[in-house]
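Q: Dropping in work.cif, which is mmCIF, C-alpha atoms:
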data_upload
#
loop_
_atom_site.label_atom_id
_atom_site.label_comp_id
_atom_site.auth_asym_id
_atom_site.auth_seq_id
_atom_site.Cartn_x
_atom_site.Cartn_y
_atom_site.Cartn_z
CA MET A 112 -28.33 16.76 202.97
CA ARG A 113 -25.73 16.00 200.29
CA ALA A 114 -25.52 17.26 196.73
CA ARG A 115 -26.52 13.95 195.14
CA GLU A 116 -29.51 13.61 197.45
CA LEU A 117 -30.69 16.84 195.80
CA GLY A 118 -30.03 15.46 192.34
CA ILE A 119 -26.94 17.65 191.85
CA ALA A 120 -24.19 15.68 190.13
CA VAL A 121 -20.79 17.35 189.82
CA GLY A 122 -18.92 16.25 186.71
CA ASP A 123 -19.42 13.05 184.77
CA GLY A 124 -17.58 10.68 187.10
CA ARG A 125 -19.07 7.88 189.18
CA PRO A 126 -18.70 8.09 192.99
CA GLY A 127 -17.69 5.17 195.15
CA PRO A 128 -20.32 3.42 197.28
CA LEU A 129 -20.00 5.90 200.16
CA ASN A 130 -19.09 8.92 198.03
CA ALA A 131 -16.44 9.61 200.65
CA ILE A 132 -12.69 9.52 201.14
CA THR A 133 -13.21 6.23 203.00
CA ASP A 134 -14.02 4.58 199.67
CA VAL A 135 -10.23 4.35 199.32
CA GLU A 136 -9.45 1.07 201.04
CA GLY A 137 -7.77 1.51 204.42
CA VAL A 138 -8.54 5.22 204.85
CA ARG A 139 -10.38 6.00 208.08
CA VAL A 140 -11.93 9.20 209.48
CA GLY A 141 -12.91 10.15 213.03
CA HIS A 142 -14.33 13.30 214.63
CA THR A 143 -14.57 14.88 218.05
CA THR A 144 -17.10 17.73 218.07
CA LEU A 145 -17.20 20.36 220.84
CA ILE A 146 -20.40 22.42 221.12
CA GLU A 147 -20.77 23.76 224.64
CA GLY A 148 -22.36 26.85 226.16
CA ALA A 149 -22.49 30.03 224.11
CA ASP A 150 -18.90 30.19 222.90
CA ILE A 151 -17.39 26.76 222.24
CA ARG A 152 -17.84 25.66 218.62
CA THR A 153 -14.79 23.64 217.60
CA GLY A 154 -13.30 20.15 217.40
CA VAL A 155 -10.86 17.74 215.81
CA THR A 156 -10.99 15.51 212.74
CA VAL A 157 -8.39 12.78 212.25
CA VAL A 158 -7.79 11.03 208.93
CA VAL A 159 -5.78 7.79 208.96
CA PRO A 160 -4.20 7.42 205.50
CA ALA A 161 -3.86 3.57 205.39
CA GLY A 162 -0.61 1.82 206.17
CA GLU A 163 2.37 3.13 208.11
CA SER A 164 3.89 4.89 205.11
CA VAL A 165 2.48 5.93 201.75
CA PHE A 166 3.80 8.13 198.97
CA ALA A 167 2.53 11.71 199.33
CA ALA A 168 3.08 15.32 198.35
CA PRO A 169 1.59 18.71 199.30
CA PHE A 170 0.62 21.79 197.33
CA ARG A 171 0.22 25.37 198.53
CA LEU A 172 -2.41 27.44 196.73
CA ASN A 173 -1.97 30.25 199.27
CA GLY A 174 0.11 29.99 202.38
CA ASN A 175 -1.62 32.00 205.12
CA GLY A 176 -2.16 28.81 207.11
CA GLU A 177 -0.39 25.88 208.71
CA MET A 178 0.08 22.21 207.97
CA THR A 179 2.82 20.72 210.13
CA GLY A 180 5.27 18.05 209.03
CA LEU A 181 5.31 19.05 205.37
CA GLU A 182 9.06 19.55 205.06
CA TRP A 183 9.63 15.87 205.76
CA VAL A 184 6.81 14.88 203.41
CA ARG A 185 8.49 16.93 200.66
CA GLU A 186 11.94 15.60 201.48
CA SER A 187 11.06 11.92 201.84
CA GLY A 188 8.00 11.72 199.61
CA LEU A 189 6.29 9.79 202.41
CA LEU A 190 3.33 10.32 204.70
CA THR A 191 3.90 8.29 207.86
CA THR A 192 1.32 9.63 210.35
CA PRO A 193 -2.39 10.24 210.74
CA ILE A 194 -3.56 13.72 209.72
CA GLY A 195 -5.23 16.04 212.21
CA LEU A 196 -7.60 18.88 211.29
CA THR A 197 -8.55 21.49 213.88
CA ASN A 198 -8.69 25.23 214.57
CA THR A 199 -5.72 27.54 214.18
CA HIS A 200 -4.81 27.79 217.85
CA SER A 201 -5.10 24.07 218.58
CA VAL A 202 -2.53 22.75 216.09
CA GLY A 203 0.10 22.22 218.79
CA VAL A 204 -2.02 20.20 221.20
CA VAL A 205 -3.36 17.97 218.39
CA ARG A 206 0.15 17.42 217.04
CA ASP A 207 1.43 16.43 220.49
CA ALA A 208 -1.54 14.16 221.07
CA LEU A 209 -0.93 12.29 217.82
CA ILE A 210 2.70 11.75 218.80
CA GLY A 211 1.56 10.31 222.11
CA ALA A 212 -1.02 8.11 220.46
CA MET A 213 1.49 6.54 218.09
CA GLY A 214 3.18 4.63 220.88
CA GLU A 215 6.75 3.40 220.68
CA ARG A 216 8.11 5.52 217.84
CA ASP A 217 11.41 7.24 218.68
CA TRP A 218 10.37 10.31 216.71
CA SER A 219 7.44 11.57 214.70
CA LEU A 220 6.45 14.64 212.69
CA PRO A 221 2.65 14.44 212.49
CA VAL A 222 0.72 16.30 209.84
CA VAL A 223 -1.80 18.65 211.47
CA ALA A 224 -3.63 21.37 209.55
CA GLU A 225 -5.87 24.23 210.60
CA THR A 226 -8.48 26.77 209.62
CA TRP A 227 -9.66 29.68 211.79
CA ASP A 228 -12.99 29.30 213.62
CA GLY A 229 -12.72 32.44 215.77
CA TRP A 230 -15.94 33.99 214.48
CA LEU A 231 -18.15 31.35 216.08
CA ASN A 232 -15.73 29.85 218.60
CA ASP A 233 -13.78 31.13 221.59
CA ILE A 234 -10.54 30.24 219.83
CA ASN A 235 -8.32 31.70 222.54
CA GLY A 236 -9.99 29.52 225.13
CA PHE A 237 -7.92 26.54 223.94
CA HIS A 238 -10.83 24.17 224.42
CA VAL A 239 -9.40 21.35 222.28
CA THR A 240 -7.38 18.96 224.44
CA ALA A 241 -5.13 15.99 223.81
CA GLU A 242 -7.96 13.73 224.93
CA HIS A 243 -10.21 15.15 222.21
CA ALA A 244 -7.60 14.45 219.54
CA LYS A 245 -7.03 10.91 220.81
CA ALA A 246 -10.79 10.33 220.87
CA ALA A 247 -11.07 11.38 217.22
CA LEU A 248 -8.25 8.98 216.33
CA SER A 249 -9.90 6.15 218.30
CA ALA A 250 -13.23 6.85 216.59
CA ALA A 251 -11.72 6.71 213.09
CA SER A 252 -13.60 4.24 210.88
CA ASP A 253 -13.83 3.30 207.22
CA GLY A 254 -17.59 3.85 207.03
CA PRO A 255 -19.70 6.87 206.10
CA VAL A 256 -18.17 10.22 207.06
CA ALA A 257 -20.17 12.78 209.02
CA GLU A 258 -20.12 16.20 207.34
CA GLY A 259 -20.89 19.83 208.10
CA ASN A 260 -20.74 21.02 211.70
CA VAL A 261 -18.53 18.20 212.95
CA GLY A 262 -14.95 17.70 214.10
CA GLY A 263 -12.47 20.30 212.92
CA GLY A 264 -15.21 21.82 210.76
CA THR A 265 -17.58 22.60 213.64
CA GLY A 266 -17.09 26.37 213.66
CA MET A 267 -16.13 26.93 210.02
CA ILE A 268 -17.70 29.19 207.37
CA CYS A 269 -17.71 28.61 203.58
CA HIS A 270 -18.50 31.35 201.04
CA GLY A 271 -20.39 33.30 203.69
CA TYR A 272 -22.55 30.32 204.67
CA LYS A 273 -22.01 27.73 207.37
CA GLY A 274 -19.29 25.34 206.20
CA GLY A 275 -17.19 22.59 207.73
CA ILE A 276 -16.23 19.04 206.77
CA GLY A 277 -17.18 17.63 203.39
CA THR A 278 -16.17 14.60 201.37
CA SER A 279 -16.68 12.91 198.00
CA SER A 280 -15.10 10.19 195.84
CA ARG A 281 -14.77 8.99 192.27
CA LYS A 282 -14.11 5.66 190.53
CA THR A 283 -12.13 5.74 187.30
CA GLU A 284 -12.76 3.46 184.34
CA ALA A 285 -9.40 1.83 185.07
CA GLY A 286 -10.75 0.75 188.45
CA HIS A 287 -8.93 3.21 190.68
CA THR A 288 -10.66 5.02 193.53
CA LEU A 289 -9.98 8.60 194.54
CA GLY A 290 -11.45 10.31 197.59
CA VAL A 291 -11.35 13.87 198.90
CA LEU A 292 -12.04 15.36 202.33
CA VAL A 293 -12.14 19.11 202.92
CA GLN A 294 -12.30 21.41 205.90
CA ALA A 295 -13.99 24.35 204.17
CA ASN A 296 -13.67 27.77 205.78
CA HIS A 297 -12.98 29.99 202.78
CA GLY A 298 -14.43 32.09 200.00
CA ARG A 299 -16.71 35.06 199.37
CA ARG A 300 -20.47 34.67 199.07
CA ASP A 301 -20.72 36.65 195.83
CA ARG A 302 -18.23 34.26 194.19
CA LEU A 303 -19.97 30.99 195.14
CA ARG A 304 -20.67 28.84 192.09
CA VAL A 305 -22.38 25.45 191.88
CA ASN A 306 -21.96 23.52 188.63
CA GLY A 307 -21.00 26.78 186.97
CA VAL A 308 -24.07 28.68 188.20
CA PRO A 309 -23.31 31.98 190.06
CA VAL A 310 -25.35 31.00 193.09
CA GLY A 311 -23.78 33.51 195.46
CA ALA A 312 -24.45 36.46 193.17
CA GLU A 313 -28.10 35.37 192.94
CA LEU A 314 -28.55 35.22 196.71
CA PRO A 315 -28.10 38.68 198.23
CA ARG A 316 -27.83 38.80 201.99
CA ASP A 317 -31.12 39.37 203.81
CA ALA A 318 -31.48 42.80 205.37
CA ASP A 319 -31.49 41.36 208.89
CA GLU A 320 -28.73 38.80 208.24
CA GLU A 321 -25.46 39.40 210.03
CA PRO A 322 -22.40 39.39 207.75
CA ALA A 323 -20.04 36.53 208.50
CA GLN A 324 -16.32 36.92 209.21
CA PRO A 325 -14.45 39.10 206.68
CA GLU A 326 -15.11 37.22 203.46
CA GLY A 327 -12.08 35.88 201.64
CA ALA A 328 -10.16 35.78 204.92
CA GLY A 329 -10.75 32.09 205.65
CA SER A 330 -8.95 28.94 204.58
CA ILE A 331 -9.49 25.46 203.19
CA ILE A 332 -7.68 22.19 203.74
CA VAL A 333 -8.03 19.56 201.00
CA LEU A 334 -6.93 15.95 201.52
CA VAL A 335 -6.81 13.68 198.46
CA ALA A 336 -6.35 9.90 198.70
CA THR A 337 -6.17 7.32 195.93
CA ASP A 338 -5.41 3.62 195.65
CA ALA A 339 -3.63 4.17 192.32
CA PRO A 340 0.10 3.30 192.30
CA LEU A 341 1.56 6.82 192.17
CA LEU A 342 5.02 8.14 192.99
CA PRO A 343 5.48 11.34 195.05
CA HIS A 344 5.80 13.66 192.05
CA GLN A 345 2.52 12.26 190.72
CA CYS A 346 0.88 12.88 194.09
CA GLU A 347 1.95 16.51 193.80
CA ARG A 348 0.38 16.70 190.35
CA LEU A 349 -2.84 15.34 191.86
CA ALA A 350 -2.83 17.89 194.71
CA ILE A 351 -2.36 20.71 192.21
CA ARG A 352 -5.36 19.54 190.17
CA ALA A 353 -7.52 19.39 193.30
CA ALA A 354 -6.94 23.13 193.69
CA LEU A 355 -8.91 23.58 190.46
CA GLY A 356 -11.91 22.17 192.34
CA ILE A 357 -11.56 25.03 194.83
CA GLY A 358 -11.57 27.46 191.93
CA ARG A 359 -14.66 25.90 190.35
CA THR A 360 -16.68 26.77 193.47
CA GLY A 361 -15.39 30.36 193.42
CA GLY A 362 -12.37 30.06 195.70
CA ALA A 363 -9.45 32.21 194.64
CA GLY A 364 -6.64 31.59 197.13
CA GLU A 365 -7.04 35.13 198.47
CA ASP A 366 -4.09 36.84 200.15
CA SER A 367 -5.36 36.19 203.68
CA SER A 368 -6.50 32.63 203.00
CA GLY A 369 -4.61 29.46 203.88
CA ASP A 370 -5.36 27.01 201.08
CA LEU A 371 -3.26 23.89 201.64
CA LEU A 372 -3.62 20.52 199.91
CA LEU A 373 -2.09 17.10 200.52
CA ALA A 374 -2.40 14.05 198.26
CA TRP A 375 -1.30 10.50 198.95
CA ALA A 376 -1.42 7.18 197.13
CA THR A 377 -1.80 3.75 198.73
CA GLY A 378 -0.91 1.75 195.64
CA ASN A 379 2.59 1.04 196.99
CA ARG A 380 3.07 -0.27 200.53
CA SER A 381 5.93 -1.33 202.85
CA LEU A 382 7.92 1.72 201.80
CA GLU A 383 10.08 1.87 204.94
CA ALA A 384 11.59 -1.60 204.50
CA ASP A 385 15.31 -2.26 205.09
CA GLU A 386 15.80 -3.76 201.65
CA THR A 387 15.19 -2.67 198.08
CA VAL A 388 11.48 -2.14 197.44
CA THR A 389 9.82 -3.00 194.14
CA LEU A 390 7.39 -0.25 193.10
CA SER A 391 4.55 0.19 190.66
CA MET A 392 3.83 3.43 188.85
CA LEU A 393 0.85 4.52 186.82
CA PRO A 394 2.19 5.97 183.55
CA ASN A 395 1.91 9.74 183.42
CA GLU A 396 -0.11 9.37 180.23
CA GLN A 397 -2.81 7.61 182.27
CA MET A 398 -3.13 10.33 184.95
CA ASN A 399 -5.87 12.39 183.30
CA PRO A 400 -8.81 10.40 184.75
CA LEU A 401 -7.36 10.92 188.23
CA PHE A 402 -6.93 14.63 187.53
CA TYR A 403 -10.60 14.91 186.55
CA ALA A 404 -11.60 12.86 189.60
CA ALA A 405 -9.63 15.13 191.95
CA ILE A 406 -11.20 18.27 190.50
CA ASP A 407 -14.76 16.96 190.57
CA ALA A 408 -14.51 15.31 194.00
CA THR A 409 -13.03 18.47 195.53
CA GLU A 410 -15.81 20.61 194.10
CA GLU A 411 -18.46 18.18 195.35
CA ALA A 412 -16.83 17.84 198.78
CA ILE A 413 -16.99 21.63 199.24
CA LEU A 414 -20.64 21.61 198.20
CA ASN A 415 -21.38 18.72 200.56
CA ALA A 416 -19.70 20.56 203.44
CA THR A 417 -21.97 23.54 202.87
CA LEU A 418 -25.17 21.57 202.34
CA ALA A 419 -24.61 19.34 205.37
CA ALA A 420 -23.91 22.29 207.67
CA GLU A 421 -26.67 23.81 209.77
CA THR A 422 -27.16 27.40 210.90
CA MET A 423 -24.97 28.02 213.94
CA THR A 424 -24.81 30.68 216.64
CA GLY A 425 -21.66 31.09 218.71
CA SER A 426 -19.68 33.90 220.35
CA SER A 427 -22.63 36.27 219.71
CA HIS A 428 -22.55 35.65 215.94
CA THR A 429 -24.93 33.68 213.73
CA VAL A 430 -23.98 32.13 210.40
CA GLN A 431 -26.78 30.90 208.17
CA ALA A 432 -26.86 27.57 206.35
CA LEU A 433 -27.25 27.41 202.59
CA GLY A 434 -30.78 26.04 202.26
CA ALA A 435 -31.30 23.18 199.83
CA ASP A 436 -34.55 24.59 198.44
CA THR A 437 -32.96 27.99 197.87
CA LEU A 438 -30.05 26.42 196.03
CA LEU A 439 -32.32 24.32 193.80
CA GLU A 440 -34.41 27.36 192.96
CA VAL A 441 -31.34 29.26 191.72
CA LEU A 442 -30.09 26.28 189.71
CA ALA A 443 -33.50 25.94 188.07
CA ARG A 444 -33.38 29.57 186.96
CA TYR A 445 -30.27 28.68 184.98
CA GLY A 446 -31.82 25.60 183.43
CA ARG A 447 -30.17 23.19 185.82
CA PRO A 448 -33.11 21.28 187.28
CA SER A 449 -32.15 18.51 189.63
CA SER A 450 -33.25 14.90 189.42
CA ARG A 451 -34.68 15.11 192.94
#
Let me see the structure of the file written as structure tokens.
A:
Amino acid sequence: MRARELGIAVGDGRPGPLNAITDVEGVRVGHTTLIEGADIRTGVTVVVPAGESVFAAPFRLNGNGEMTGLEWVRESGLLTTPIGLTNTHSVGVVRDALIGAMGERDWSLPVVAETWDGWLNDINGFHVTAEHAKAALSAASDGPVAEGNVGGGTGMICHGYKGGIGTSSRKTEAGHTLGVLVQANHGRRDRLRVNGVPVGAELPRDADEEPAQPEGAGSIIVLVATDAPLLPHQCERLAIRAALGIGRTGGAGEDSSGDLLLAWATGNRSLEADETVTLSMLPNEQMNPLFYAAIDATEEAILNATLAAETMTGSSHTVQALGADTLLEVLARYGRPSSR
């Protein structure tokens, strides 16, 4: 289930046809999901950004996490590899697999990010392999994106409920598309907000419900793509605004959380040419619609990750899903009936 299927619209913007990061032309997403036995609940998600090099920039809301390759992205202003998302202890193997999958390059610094799934997954079992990462890359497509308990989001927890992968997109009146994909594994239940409603505070934990991992100790990865012609410093501005979408759902960048964001723009191509490159740039004065789009799409992607996820048991722990009917009941109490 997704937010808009429940009649919950975040912000005033209009989504793209898939309401996914793949609405940005050329962006592709693939997953490998590992659910085996009682203890393996993990996987890999790979996002292909479109083209061999695009302008990009990161932003760190809180740095208790890892996203490899960022120093070169900051230095060059370019994103030149696919992006891998996985669990904390599998960053190395996914990074190495992406290098191997990129063929004849003399060198590469892939971008691979992580969140910790050790509550539901045997994280020290190192179950993610190079073959799993390569399979996610091979499966990457520009169609609808699976959400919830899939890929790198398989074992993740969001605001005390089952979380994982989520995505959303927006079209601006100027005709630009912006898409967001999150790996949501962050937040406290009592801080969860949906469209401004304090949902988490209204949903006390059942007496027999097991508390999830220490709340506020998780992380979130946010990837933002747009087809607007932006330069690297404008991509950074976009990544910063996406962090406001984390805040609107109740995320706070807690001390033990790794909240890392990366934005890229496909509006300029062939950036690694041997000759002078002619560029286009959206005027800074026209950035506001993209700012709003990044905020709203991030908020909706987090909500979609939580709604799409299903209750999961792993490593002797159970994490409950946020039920759609329960959510709608709370929203109705605050005068926010859905159009379902």
Q: Find the distance between CA of Gly271 (chain A) and CA of Ile194 (chain A) and write it in Å to one decimal.
A: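 So the two atoms, CA of Gly271 (chain A) and CA of Ile194 (chain A), lie 26.5 Å apart.
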Q: Counting all atoms listed in the file, figure out which residue out of A:Ile357, A:Met178, A:Leu442, A:Ala420 gets nearest to Asp407 (chain A).
A: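 Of A:Ile357, A:Met178, A:Leu442, A:Ala420, the one nearest Asp407 (chain A), counting all atoms listed in the file, is A:Ile357.
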Q: Just say which residues the PyMOL selection byres ((chain A and resi 395) around 12) picks in this file, as a ChimeraX atom specification.
A: /A:339-342,344-346,348-349,392-394,396-402
Q: Excluding Ser201 (chain A) and any residue of its chain fewer than 2 positions from it, enumerate the residues within 12 Å of it, using all atoms listed in the file, and give them as a PyMOL selection string.
A: chain A and resi 153-156+177-178+195-199+203-208+223-229+233-241+243-244+263
Q: Between A:His270, A:Arg299, A:Arg316, A:Arg304, which is the closest to Val121 (chain A) once you count only C-alpha atoms?
A: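 Closest to Val121 (chain A) of all the choices is A:Arg304.
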